[in-house]
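Chemist: I'd like to ask you about the structure that follows.
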2 protein chains.
Amino acid sequence: MQKRFILPEDQIPKQWYNIQAEMPNKPLPMLNPGTKQPVTVDELSHIFSRAASEQELNTTDAWIDIPEPVRELYKYYRSTPLVRAYGLEKALGTPAHIYFKNESVSPVGSHKLNSALPQAYYCAQEGITNVTTETGAGQWGTALSYAAKVFGLEAAVYMVKISYEQKPYRRSIMQTYGAQVIASPSMSTRAGKDILTAQPNYQGSLGTAISEAVELAMNTPNCRYSLGSVLNHVVLHQSIIGLEAEKQMEMAGEYPDLVIGCFGGGSNFGGISFPFMRHVFSGKKKTKFLAAEPSACPKFTKGIYHYDFGDEAGYTPLIAMYTLGHTFQPANIHAGGLRYHGAGMIISQLYKDGYLSAVDIPQTETFKAGLLFSQTESIIPAPESCHAIAATIREAEKCKKTGEEKVILFNLSGHGLIDIAAYDKYLAGDLTDATVSDEYIQKSIAELKAKLGE
Amino acid sequence: MQKRFILPEDQIPKQWYNIQAEMPNKPLPMLNPGTKQPVTVDELSHIFSRAASEQELNTTDAWIDIPEPVRELYKYYRSTPLVRAYGLEKALGTPAHIYFKNESVSPVGSHKLNSALPQAYYCAQEGITNVTTETGAGQWGTALSYAAKVFGLEAAVYMVKISYEQKPYRRSIMQTYGAQVIASPSMSTRAGKDILTAQPNYQGSLGTAISEAVELAMNTPNCRYSLGSVLNHVVLHQSIIGLEAEKQMEMAGEYPDLVIGCFGGGSNFGGISFPFMRHVFSGKKKTKFLAAEPSACPKFTKGIYHYDFGDEAGYTPLIAMYTLGHTFQPANIHAGGLRYHGAGMIISQLYKDGYLSAVDIPQTETFKAGLLFSQTESIIPAPESCHAIAATIREAEKCKKTGEEKVILFNLSGHGLIDIAAYDKYLAGDLTDATVSDEYIQKSIAELKAKLGE
């Protein structure tokens, strides 16, 4: 029985899928927080490359060509394998057919490279010389560091100070790829200086790191900011995952009844889901989609649909999203990539319209799932990906009860080798479920409404 | 232009290649150190599984079937890709065509799983319930931990104490796969107790860890010891690398003029080389082979051919090998997998007969090569593999001078994500070349001769 399905290089997709063009209801526009008017390409292109800004606002073209130099670099690791999880199926005793798309084989360890490469490419094409970003867990910063290097750009990565100190391996990987890594808050920006003056021992947050990176991009000639999730152009680039998976499922002679991804800002979930969802729009398929959130940050299951800022400080455009409020502080789970208060605007509209459902899962259940996966499928998954695995196991166990041979496809967004200390803590019994109280969520949402209206 | 060549699953080899059967001169027999007589399968099978013991002494069958359950597990990561290193070629400006076999995609991060799986399988088949081994750098221990888990065996890994403390990530990975990891020296064996009693703060060595693991295997019912390199059955299992590469080079429409591997005990070097070397034996091809040693442990370039022990304490059978003497202590380089005093018996005979050459390379040159490879080919290589890359770069630069379009194939034995601290030190300028003096080598060889005769 075939275990892995890999596309020949000439079958790797040559276009990304832009779901914005085919959604039954378009997402509400991104607004300039000052004027409350829809943002324009000109406004966005002060922060991002012009090409990325155009993609961000493109609601008409369903297919967008992947530039040839990006396709050449995709070949370094793509197609990623589609894998039938025979080992996991056997351990669960489930009649379900479980497949996973293995994005962990990327040289940087996650799907993040799929968007870092085009983002860096467009900057280089436009004569931009420097890129900057923030990173928490480190997967995105690593991807951008490598992408910048291959396209001849200088990269500066603001890494949340507590991660900078606790994850020296991740920092070293970015430096090996040639990036400058700065612990945030730093003295290199006004935002950083202000915070350090007020709180000299502040350990940093993603919100502060974003502010520092955006400030650097705005104040440096030929420098642009780059983001690894949430935004429409990022999800566009990640559609390569689902487009490949669609062809690979065909090689396997099956079609998914259910597609599952972990959910932070939406980049890996949208990437695996949207190419399959288009056939639901057209009425050809009835595939279900399930987003696996952490209980520490349950934006779909417990948040509200509302315009909100993308960052804690309130510098970004306003986005119509499912959100817990931009001041919401998720519990301190190891899945740093899922610790984000809101969902991207496309996925939020789709959730509102009933095209996907969501579950929130406590931390210990996710590591239990990750451990079983490691021991049966050989790959140690990233803490973020463990959420997708835990949701898959829940569904496979339902099938065991009903006898249904459901075909489940989930995205293995990354490996956990650099996050292995989290497994150590789990094995030692030192991890908590890290849920957040309904009272705290209501307080955070009330703050949002107080600032931006009902 | 095609970047990666991957075999369909039905093209993955179904047999290993046993070079012992076709060598022009067979290696001298392994000797029982007490009787000085050739060891027998019965003697070996007290330490290893009977199947592995038979393979160890099999000098007649050139092709040995890969058991079906092992082939099923090979599918979890094989075929590994053969990759054309366009990025590296461009950076070097060389006319050489550089290919590498990417064994780093194994879920445990290196080629070691190729032998761990069959070794664990044979033990399980023979009713053995426990396996034990030692690990220094950690690649082998990781591979055996996972292999034991999938075949339902308990694994105990003696990890050199200084590595246990300095490489917590590696230890955690083994524990995630379900292994018991013990810092060596430990109080669980007589060998460990004796050393700890004499030197309570001793930081451990590979020699001591081997002694502990062998002692545990000898004193525990249904327990066997397992080794990750040097031995003939290990090299046999690793032949899957070169057998795949041969088919993949054919897909690429080329044939290697030169095959390069880093050299520790011979498992990855033999694995990539021997399937190509058989065509040199038969006169069909004139391929050259180059072993890349560390200057810290130059057994080929500065050692002698002599019977020697496989371990520091002198517990193992005697092997005819190129050796620096079993008491030789290599300089403390990061490529822990290459810090071994001797070469396996097959490869030693082949070196003696002129079928391969060797170079020794100082540590900083290897990391310089690894850094260039990371930034051009996207994969951060293991410190061991950096030796193969450094040797490849030397050869590619020769081609630049001569204009020769030589086809070079090297084995990328593993990734360096868990060894990233070494890159940190290199980038900070804190690494030395770690060469050893000729005087020290002569002293160590003199000790060998004093113990075992001229």
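Quick note on naming: the chains in the structure tokens go A, B, ... in the order shown, residues restart at 1 in each chain, and ligands are numbered from 1 in order of appearance.
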Lys112 in chain B: which residues within 10 Å, counting only C-alpha atoms, same-chain residues fewer than 5 positions away excluded, as a PDB file with N, CA and C atoms, in the first residue's frame?
Modeler:
```pdb
ATOM      1  N   GLU B 103      19.736  12.591   3.029  1.00  0.00           N
ATOM      2  CA  GLU B 103      19.287  11.705   4.104  1.00  0.00           C
ATOM      3  C   GLU B 103      18.758  12.482   5.315  1.00  0.00           C
ATOM      4  N   SER B 104      18.903  13.799   5.279  1.00  0.00           N
ATOM      5  CA  SER B 104      18.442  14.601   6.427  1.00  0.00           C
ATOM      6  C   SER B 104      16.923  14.619   6.534  1.00  0.00           C
ATOM      7  N   SER B 106      15.024  12.143   6.822  1.00  0.00           N
ATOM      8  CA  SER B 106      14.549  11.102   7.731  1.00  0.00           C
ATOM      9  C   SER B 106      13.904  11.763   8.949  1.00  0.00           C
ATOM     10  N   LEU B 117      16.109   0.501  11.957  1.00  0.00           N
ATOM     11  CA  LEU B 117      14.863  -0.236  11.691  1.00  0.00           C
ATOM     12  C   LEU B 117      15.098  -1.737  11.546  1.00  0.00           C
ATOM     13  N   GLN B 139      22.518  11.204  17.150  1.00  0.00           N
ATOM     14  CA  GLN B 139      21.781  10.798  15.948  1.00  0.00           C
ATOM     15  C   GLN B 139      21.417   9.307  16.013  1.00  0.00           C
ATOM     16  N   TRP B 140      22.358   8.487  16.414  1.00  0.00           N
ATOM     17  CA  TRP B 140      22.095   7.062  16.451  1.00  0.00           C
ATOM     18  C   TRP B 140      21.096   6.709  17.550  1.00  0.00           C
ATOM     19  N   GLY B 141      21.267   7.272  18.713  1.00  0.00           N
ATOM     20  CA  GLY B 141      20.348   7.001  19.814  1.00  0.00           C
ATOM     21  C   GLY B 141      18.920   7.370  19.451  1.00  0.00           C
ATOM     22  N   THR B 142      18.771   8.470  18.740  1.00  0.00           N
ATOM     23  CA  THR B 142      17.444   8.901  18.314  1.00  0.00           C
ATOM     24  C   THR B 142      16.827   7.884  17.361  1.00  0.00           C
ATOM     25  N   ALA B 143      17.629   7.442  16.405  1.00  0.00           N
ATOM     26  CA  ALA B 143      17.128   6.481  15.421  1.00  0.00           C
ATOM     27  C   ALA B 143      16.708   5.179  16.102  1.00  0.00           C
ATOM     28  N   LEU B 144      17.541   4.675  17.002  1.00  0.00           N
ATOM     29  CA  LEU B 144      17.195   3.404  17.647  1.00  0.00           C
ATOM     30  C   LEU B 144      15.978   3.560  18.552  1.00  0.00           C
ATOM     31  N   GLY B 228      25.579   1.649  15.721  1.00  0.00           N
ATOM     32  CA  GLY B 228      25.114   2.457  14.599  1.00  0.00           C
ATOM     33  C   GLY B 228      26.093   2.648  13.469  1.00  0.00           C
ATOM     34  N   SER B 229      27.314   2.113  13.587  1.00  0.00           N
ATOM     35  CA  SER B 229      28.281   2.265  12.503  1.00  0.00           C
ATOM     36  C   SER B 229      29.322   1.163  12.595  1.00  0.00           C
ATOM     37  N   VAL B 234      25.790  -3.097   9.606  1.00  0.00           N
ATOM     38  CA  VAL B 234      25.295  -1.712   9.562  1.00  0.00           C
ATOM     39  C   VAL B 234      25.532  -1.128   8.168  1.00  0.00           C
ATOM     40  N   HIS B 237      23.005  -2.440   5.693  1.00  0.00           N
ATOM     41  CA  HIS B 237      21.692  -1.771   5.717  1.00  0.00           C
ATOM     42  C   HIS B 237      21.768  -0.387   5.059  1.00  0.00           C
ATOM     43  N   GLN B 238      22.907   0.275   5.245  1.00  0.00           N
ATOM     44  CA  GLN B 238      23.032   1.623   4.690  1.00  0.00           C
ATOM     45  C   GLN B 238      23.214   1.618   3.173  1.00  0.00           C
ATOM     46  N   SER B 267      29.443   4.232   8.184  1.00  0.00           N
ATOM     47  CA  SER B 267      28.075   3.830   7.830  1.00  0.00           C
ATOM     48  C   SER B 267      27.492   4.667   6.706  1.00  0.00           C
ATOM     49  N   ASN B 268      27.685   5.990   6.749  1.00  0.00           N
ATOM     50  CA  ASN B 268      27.096   6.778   5.666  1.00  0.00           C
ATOM     51  C   ASN B 268      27.995   6.752   4.446  1.00  0.00           C
ATOM     52  N   SER B 413      24.364  13.450   5.177  1.00  0.00           N
ATOM     53  CA  SER B 413      23.947  12.406   6.113  1.00  0.00           C
ATOM     54  C   SER B 413      22.890  12.856   7.111  1.00  0.00           C
ATOM     55  N   GLY B 414      22.854  14.167   7.424  1.00  0.00           N
ATOM     56  CA  GLY B 414      21.857  14.609   8.396  1.00  0.00           C
ATOM     57  C   GLY B 414      21.755  16.118   8.461  1.00  0.00           C
TER      58      GLY B 414
END
```
Chemist: List the neighbours of Tyr355 in chain B out to 8 Å using only C-alpha atoms; skip same-chain residues closer than 2 positions along the sequence, and give me the result as a list in words.
Modeler: Met277, Lys288, Phe289, Leu350, Tyr351, Lys352, Asp353 and Ser357 of chain B
Chemist: Kindly export the residues of the current selection with N, CA, C and O atoms, as a PDB file, in the first residue's frame.
Modeler:
```pdb
ATOM      1  N   MET B 277      30.691   1.418  -6.108  1.00  0.00           N
ATOM      2  CA  MET B 277      32.024   0.803  -6.178  1.00  0.00           C
ATOM      3  C   MET B 277      31.979  -0.572  -6.846  1.00  0.00           C
ATOM      4  O   MET B 277      32.969  -1.017  -7.436  1.00  0.00           O
ATOM      5  N   LYS B 288      35.652   7.587  -8.722  1.00  0.00           N
ATOM      6  CA  LYS B 288      36.551   7.784  -7.575  1.00  0.00           C
ATOM      7  C   LYS B 288      35.713   7.988  -6.315  1.00  0.00           C
ATOM      8  O   LYS B 288      34.562   8.438  -6.396  1.00  0.00           O
ATOM      9  N   PHE B 289      36.311   7.677  -5.189  1.00  0.00           N
ATOM     10  CA  PHE B 289      35.613   7.798  -3.901  1.00  0.00           C
ATOM     11  C   PHE B 289      36.506   8.544  -2.923  1.00  0.00           C
ATOM     12  O   PHE B 289      37.715   8.291  -2.861  1.00  0.00           O
ATOM     13  N   LEU B 350      39.321  -1.864   1.670  1.00  0.00           N
ATOM     14  CA  LEU B 350      39.168  -1.160   0.386  1.00  0.00           C
ATOM     15  C   LEU B 350      40.130   0.018   0.278  1.00  0.00           C
ATOM     16  O   LEU B 350      40.664   0.312  -0.796  1.00  0.00           O
ATOM     17  N   TYR B 351      40.364   0.679   1.402  1.00  0.00           N
ATOM     18  CA  TYR B 351      41.317   1.802   1.404  1.00  0.00           C
ATOM     19  C   TYR B 351      42.730   1.280   1.148  1.00  0.00           C
ATOM     20  O   TYR B 351      43.490   1.843   0.364  1.00  0.00           O
ATOM     21  N   LYS B 352      43.024   0.177   1.814  1.00  0.00           N
ATOM     22  CA  LYS B 352      44.326  -0.469   1.637  1.00  0.00           C
ATOM     23  C   LYS B 352      44.538  -0.863   0.174  1.00  0.00           C
ATOM     24  O   LYS B 352      45.642  -0.740  -0.360  1.00  0.00           O
ATOM     25  N   ASP B 353      43.453  -1.296  -0.478  1.00  0.00           N
ATOM     26  CA  ASP B 353      43.531  -1.751  -1.868  1.00  0.00           C
ATOM     27  C   ASP B 353      43.389  -0.615  -2.892  1.00  0.00           C
ATOM     28  O   ASP B 353      43.335  -0.874  -4.099  1.00  0.00           O
ATOM     29  N   SER B 357      40.168   7.305  -1.613  1.00  0.00           N
ATOM     30  CA  SER B 357      41.169   8.163  -0.991  1.00  0.00           C
ATOM     31  C   SER B 357      40.505   8.939   0.138  1.00  0.00           C
ATOM     32  O   SER B 357      39.292   8.846   0.336  1.00  0.00           O
TER      33      SER B 357
END
```
Chemist: Wanna dump the chain B-chain A contacts at 7 Å for me, each residue with its shortest atom pair and the distance in Å to one decimal, counting only C-alpha atoms, ordered by chain and number, as JSON lines?
Modeler:
```
{"residue": "B:Gln2", "atom": "CA", "partner": "A:Glu9", "partner_atom": "CA", "distance": 6.9}
{"residue": "B:Lys3", "atom": "CA", "partner": "A:Lys75", "partner_atom": "CA", "distance": 6.2}
{"residue": "B:Glu9", "atom": "CA", "partner": "A:Gln2", "partner_atom": "CA", "distance": 6.9}
{"residue": "B:Lys75", "atom": "CA", "partner": "A:Lys3", "partner_atom": "CA", "distance": 6.2}
{"residue": "B:Tyr76", "atom": "CA", "partner": "A:Lys3", "partner_atom": "CA", "distance": 6.7}
{"residue": "B:Val105", "atom": "CA", "partner": "A:Val105", "partner_atom": "CA", "distance": 6.8}
{"residue": "B:Pro107", "atom": "CA", "partner": "A:Ile379", "partner_atom": "CA", "distance": 5.2}
{"residue": "B:Tyr146", "atom": "CA", "partner": "A:Gln375", "partner_atom": "CA", "distance": 6.9}
{"residue": "B:Lys149", "atom": "CA", "partner": "A:Gln375", "partner_atom": "CA", "distance": 6.6}
{"residue": "B:Val150", "atom": "CA", "partner": "A:Thr376", "partner_atom": "CA", "distance": 6.7}
{"residue": "B:Tyr169", "atom": "CA", "partner": "A:Ile420", "partner_atom": "CA", "distance": 6.0}
{"residue": "B:Ser172", "atom": "CA", "partner": "A:Asp424", "partner_atom": "CA", "distance": 5.7}
{"residue": "B:Ile173", "atom": "CA", "partner": "A:Ile420", "partner_atom": "CA", "distance": 6.6}
{"residue": "B:Thr176", "atom": "CA", "partner": "A:Leu371", "partner_atom": "CA", "distance": 6.6}
{"residue": "B:Tyr177", "atom": "CA", "partner": "A:Gln375", "partner_atom": "CA", "distance": 5.6}
{"residue": "B:Leu371", "atom": "CA", "partner": "A:Thr176", "partner_atom": "CA", "distance": 6.6}
{"residue": "B:Ser374", "atom": "CA", "partner": "A:Tyr177", "partner_atom": "CA", "distance": 6.7}
{"residue": "B:Gln375", "atom": "CA", "partner": "A:Tyr177", "partner_atom": "CA", "distance": 5.6}
{"residue": "B:Thr376", "atom": "CA", "partner": "A:Val150", "partner_atom": "CA", "distance": 6.7}
{"residue": "B:Ser378", "atom": "CA", "partner": "A:Pro107", "partner_atom": "CA", "distance": 5.8}
{"residue": "B:Ile379", "atom": "CA", "partner": "A:Pro107", "partner_atom": "CA", "distance": 5.2}
{"residue": "B:Ile420", "atom": "CA", "partner": "A:Tyr169", "partner_atom": "CA", "distance": 6.0}
{"residue": "B:Ala421", "atom": "CA", "partner": "A:Tyr169", "partner_atom": "CA", "distance": 6.6}
{"residue": "B:Tyr423", "atom": "CA", "partner": "A:Thr176", "partner_atom": "CA", "distance": 6.8}
{"residue": "B:Asp424", "atom": "CA", "partner": "A:Ser172", "partner_atom": "CA", "distance": 5.7}
```
Chemist: Would you list the contacts of range 198-200 of chain A as a count of residues only, taking every protein, DNA or RNA residue within 12 Å and counting only C-alpha atoms, but skipping same-chain residues closer than 4 positions in sequence?
Modeler: 9
Chemist: Could you tell me how far CA of Ala252 in chain A lies from CA of Gly93 in chain A, in Å and to one decimal?
Modeler: 20.9 Å
Chemist: Point out the residue among B:Thr432, B:Thr135, B:Gln15, B:Thr323 with the least atom-to-atom distance to Gly344 in chain B, counting only C-alpha atoms.
Modeler: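 Among the listed residues, the smallest separation from Gly344 in chain B belongs to B:Thr323.
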Chemist: Can you list, as a JSON list (two decimals) with all heavy atoms, in the first residue's frame, every protein, DNA or RNA residue that comes within 10 Å of Leu227 in chain B when you count only C-alpha atoms, leaving out same-chain residues fewer than 2 positions away?
Modeler:
```
[["chain", "number", "residue", "atom", "x", "y", "z"],
["B", 48, "PHE", "N", 24.43, -9.33, 19.61],
["B", 48, "PHE", "CA", 23.49, -8.80, 18.61],
["B", 48, "PHE", "C", 22.42, -9.84, 18.30],
["B", 48, "PHE", "O", 22.53, -11.01, 18.69],
["B", 48, "PHE", "CB", 24.24, -8.48, 17.30],
["B", 48, "PHE", "CG", 25.42, -7.57, 17.50],
["B", 48, "PHE", "CD1", 26.72, -8.06, 17.43],
["B", 48, "PHE", "CD2", 25.24, -6.22, 17.76],
["B", 48, "PHE", "CE1", 27.81, -7.22, 17.60],
["B", 48, "PHE", "CE2", 26.33, -5.37, 17.94],
["B", 48, "PHE", "CZ", 27.62, -5.87, 17.87],
["B", 115, "SER", "N", 19.54, 1.68, 9.42],
["B", 115, "SER", "CA", 20.00, 0.46, 10.09],
["B", 115, "SER", "C", 19.25, 0.20, 11.40],
["B", 115, "SER", "O", 19.09, -0.95, 11.80],
["B", 115, "SER", "CB", 21.51, 0.53, 10.35],
["B", 115, "SER", "OG", 21.97, -0.69, 10.89],
["B", 116, "ALA", "N", 18.79, 1.26, 12.04],
["B", 116, "ALA", "CA", 18.06, 1.07, 13.30],
["B", 116, "ALA", "C", 16.80, 0.24, 13.07],
["B", 116, "ALA", "O", 16.46, -0.64, 13.88],
["B", 116, "ALA", "CB", 17.70, 2.42, 13.92],
["B", 119, "GLN", "N", 17.67, -3.51, 12.55],
["B", 119, "GLN", "CA", 18.22, -4.07, 13.78],
["B", 119, "GLN", "C", 17.11, -4.30, 14.81],
["B", 119, "GLN", "O", 17.07, -5.35, 15.47],
["B", 119, "GLN", "CB", 19.32, -3.16, 14.34],
["B", 119, "GLN", "CG", 20.60, -3.16, 13.49],
["B", 119, "GLN", "CD", 21.80, -2.60, 14.26],
["B", 119, "GLN", "OE1", 22.08, -3.02, 15.38],
["B", 119, "GLN", "NE2", 22.52, -1.66, 13.64],
["B", 132, "THR", "N", 19.63, -1.98, 23.69],
["B", 132, "THR", "CA", 20.39, -0.93, 24.36],
["B", 132, "THR", "C", 21.52, -0.48, 23.44],
["B", 132, "THR", "O", 21.99, -1.23, 22.58],
["B", 132, "THR", "CB", 20.91, -1.43, 25.73],
["B", 132, "THR", "OG1", 21.65, -0.37, 26.34],
["B", 132, "THR", "CG2", 21.82, -2.64, 25.58],
["B", 133, "THR", "N", 21.90, 0.76, 23.60],
["B", 133, "THR", "CA", 23.00, 1.29, 22.81],
["B", 133, "THR", "C", 23.59, 2.50, 23.53],
["B", 133, "THR", "O", 23.11, 2.90, 24.59],
["B", 133, "THR", "CB", 22.53, 1.67, 21.39],
["B", 133, "THR", "OG1", 23.67, 1.86, 20.56],
["B", 133, "THR", "CG2", 21.69, 2.95, 21.39],
["B", 134, "GLU", "N", 24.64, 3.04, 22.92],
["B", 134, "GLU", "CA", 25.21, 4.29, 23.42],
["B", 134, "GLU", "C", 24.99, 5.37, 22.38],
["B", 134, "GLU", "O", 24.75, 5.07, 21.19],
["B", 134, "GLU", "CB", 26.72, 4.14, 23.67],
["B", 134, "GLU", "CG", 27.58, 4.15, 22.43],
["B", 134, "GLU", "CD", 27.35, 2.93, 21.53],
["B", 134, "GLU", "OE1", 27.02, 1.86, 22.07],
["B", 134, "GLU", "OE2", 27.49, 3.06, 20.31],
["B", 135, "THR", "N", 25.08, 6.62, 22.78],
["B", 135, "THR", "CA", 25.04, 7.68, 21.80],
["B", 135, "THR", "C", 25.88, 8.86, 22.29],
["B", 135, "THR", "O", 25.95, 9.11, 23.49],
["B", 135, "THR", "CB", 23.57, 8.10, 21.50],
["B", 135, "THR", "OG1", 23.51, 8.74, 20.22],
["B", 135, "THR", "CG2", 23.01, 9.06, 22.55],
["B", 140, "TRP", "N", 22.36, 8.49, 16.41],
["B", 140, "TRP", "CA", 22.09, 7.06, 16.45],
["B", 140, "TRP", "C", 21.10, 6.71, 17.55],
["B", 140, "TRP", "O", 20.16, 5.91, 17.34],
["B", 140, "TRP", "CB", 23.40, 6.27, 16.63],
["B", 140, "TRP", "CG", 23.15, 4.82, 16.94],
["B", 140, "TRP", "CD1", 23.43, 4.17, 18.10],
["B", 140, "TRP", "CD2", 22.51, 3.85, 16.08],
["B", 140, "TRP", "NE1", 23.01, 2.86, 18.04],
["B", 140, "TRP", "CE2", 22.44, 2.64, 16.81],
["B", 140, "TRP", "CE3", 21.98, 3.91, 14.79],
["B", 140, "TRP", "CZ2", 21.89, 1.50, 16.26],
["B", 140, "TRP", "CZ3", 21.41, 2.75, 14.27],
["B", 140, "TRP", "CH2", 21.37, 1.56, 15.00],
["B", 141, "GLY", "N", 21.27, 7.27, 18.71],
["B", 141, "GLY", "CA", 20.35, 7.00, 19.81],
["B", 141, "GLY", "C", 18.92, 7.37, 19.45],
["B", 141, "GLY", "O", 17.97, 6.66, 19.79],
["B", 144, "LEU", "N", 17.54, 4.68, 17.00],
["B", 144, "LEU", "CA", 17.19, 3.40, 17.65],
["B", 144, "LEU", "C", 15.98, 3.56, 18.55],
["B", 144, "LEU", "O", 15.17, 2.64, 18.67],
["B", 144, "LEU", "CB", 18.39, 2.84, 18.43],
["B", 144, "LEU", "CG", 18.15, 1.39, 18.89],
["B", 144, "LEU", "CD1", 18.14, 0.44, 17.69],
["B", 144, "LEU", "CD2", 19.16, 0.94, 19.91],
["B", 210, "ILE", "N", 29.69, 2.71, 25.61],
["B", 210, "ILE", "CA", 29.63, 1.41, 24.94],
["B", 210, "ILE", "C", 29.75, 0.29, 25.97],
["B", 210, "ILE", "O", 28.96, -0.67, 25.98],
["B", 210, "ILE", "CB", 30.76, 1.26, 23.87],
["B", 210, "ILE", "CG1", 30.54, 2.25, 22.72],
["B", 210, "ILE", "CG2", 30.80, -0.18, 23.33],
["B", 210, "ILE", "CD1", 31.64, 2.23, 21.66],
["B", 213, "ALA", "N", 26.50, -0.11, 27.83],
["B", 213, "ALA", "CA", 25.42, -0.71, 27.03],
["B", 213, "ALA", "C", 25.66, -2.19, 26.80],
["B", 213, "ALA", "O", 24.74, -3.01, 26.93],
["B", 213, "ALA", "CB", 25.28, 0.04, 25.70],
["B", 214, "VAL", "N", 26.89, -2.56, 26.49],
["B", 214, "VAL", "CA", 27.22, -3.97, 26.26],
["B", 214, "VAL", "C", 26.99, -4.77, 27.55],
["B", 214, "VAL", "O", 26.39, -5.85, 27.53],
["B", 214, "VAL", "CB", 28.67, -4.13, 25.76],
["B", 214, "VAL", "CG1", 29.08, -5.61, 25.74],
["B", 214, "VAL", "CG2", 28.84, -3.52, 24.37],
["B", 225, "TYR", "N", 22.44, -5.65, 22.31],
["B", 225, "TYR", "CA", 23.12, -4.39, 22.06],
["B", 225, "TYR", "C", 22.99, -4.07, 20.58],
["B", 225, "TYR", "O", 22.84, -4.97, 19.74],
["B", 225, "TYR", "CB", 24.59, -4.56, 22.46],
["B", 225, "TYR", "CG", 25.50, -3.44, 22.08],
["B", 225, "TYR", "CD1", 25.38, -2.18, 22.68],
["B", 225, "TYR", "CD2", 26.49, -3.62, 21.11],
["B", 225, "TYR", "CE1", 26.22, -1.15, 22.32],
["B", 225, "TYR", "CE2", 27.33, -2.59, 20.75],
["B", 225, "TYR", "CZ", 27.19, -1.35, 21.36],
["B", 225, "TYR", "OH", 28.02, -0.33, 21.01],
["B", 229, "SER", "N", 27.31, 2.11, 13.59],
["B", 229, "SER", "CA", 28.28, 2.26, 12.50],
["B", 229, "SER", "C", 29.32, 1.16, 12.59],
["B", 229, "SER", "O", 29.13, 0.20, 13.33],
["B", 229, "SER", "CB", 28.93, 3.65, 12.57],
["B", 229, "SER", "OG", 29.70, 3.88, 11.39],
["B", 230, "VAL", "N", 30.40, 1.30, 11.86],
["B", 230, "VAL", "CA", 31.60, 0.45, 11.89],
["B", 230, "VAL", "C", 31.34, -0.97, 11.37],
["B", 230, "VAL", "O", 32.05, -1.45, 10.50],
["B", 230, "VAL", "CB", 32.22, 0.37, 13.31],
["B", 230, "VAL", "CG1", 33.46, -0.49, 13.31],
["B", 230, "VAL", "CG2", 32.54, 1.77, 13.83],
["B", 231, "LEU", "N", 30.31, -1.63, 11.92],
["B", 231, "LEU", "CA", 30.14, -3.06, 11.64],
["B", 231, "LEU", "C", 29.59, -3.32, 10.24],
["B", 231, "LEU", "O", 28.95, -2.47, 9.63],
["B", 231, "LEU", "CB", 29.24, -3.70, 12.70],
["B", 231, "LEU", "CG", 29.85, -3.67, 14.11],
["B", 231, "LEU", "CD1", 28.85, -4.16, 15.14],
["B", 231, "LEU", "CD2", 31.14, -4.51, 14.16],
["B", 233, "HIS", "N", 27.20, -5.38, 9.19],
["B", 233, "HIS", "CA", 25.75, -5.44, 8.96],
["B", 233, "HIS", "C", 25.15, -4.03, 8.92],
["B", 233, "HIS", "O", 24.15, -3.80, 8.26],
["B", 233, "HIS", "CB", 25.04, -6.35, 9.98],
["B", 233, "HIS", "CG", 25.07, -5.89, 11.41],
["B", 233, "HIS", "ND1", 26.12, -6.15, 12.26],
["B", 233, "HIS", "CD2", 24.17, -5.21, 12.13],
["B", 233, "HIS", "CE1", 25.85, -5.66, 13.45],
["B", 233, "HIS", "NE2", 24.68, -5.07, 13.40],
["B", 234, "VAL", "N", 25.79, -3.10, 9.61],
["B", 234, "VAL", "CA", 25.30, -1.71, 9.56],
["B", 234, "VAL", "C", 25.53, -1.13, 8.17],
["B", 234, "VAL", "O", 24.64, -0.51, 7.57],
["B", 234, "VAL", "CB", 26.00, -0.86, 10.63],
["B", 234, "VAL", "CG1", 25.48, 0.57, 10.58],
["B", 234, "VAL", "CG2", 25.83, -1.46, 12.02]]
```
Chemist: Just list the residues in range 71-204 of chain B DSSP gives strand (DSSP E or B) on the backbone, as JSON, numbers by chain.
Modeler: {"B": [82, 83, 84, 97, 98, 99, 100, 101, 102, 110, 130, 131, 132, 133, 134, 135, 154, 155, 156, 157, 158, 159, 160, 180, 181, 182, 183, 184]}
Chemist: Mind pulling up the distance from CA of Thr316 in chain B to CA of Arg190 in chain B?
Modeler: 16.8 Å
Chemist: With only C-alpha atoms as the basis for distance, which of B:Gln180, B:Thr94, B:Ser211, B:Ser295 is at the shortest distance from Thr392 in chain B?
Modeler: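 The shortest atom-to-atom distance to Thr392 in chain B comes from B:Thr94.
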Chemist: Let me make sure I understand: among A:Ala369, A:Val407, A:Leu153, A:Met159, which one has the smallest atom-to-atom distance to Ser385 in chain A if we use only C-alpha atoms?
Modeler: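 Closest to Ser385 in chain A, using only C-alpha atoms: A:Ala369.
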Chemist: Which residue gives the smallest distance to Thr287 in chain A among A:Thr220, A:Phe100, A:Ala245, A:Lys406, with only C-alpha atoms counted?
Modeler: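 Closest candidate: A:Lys406.
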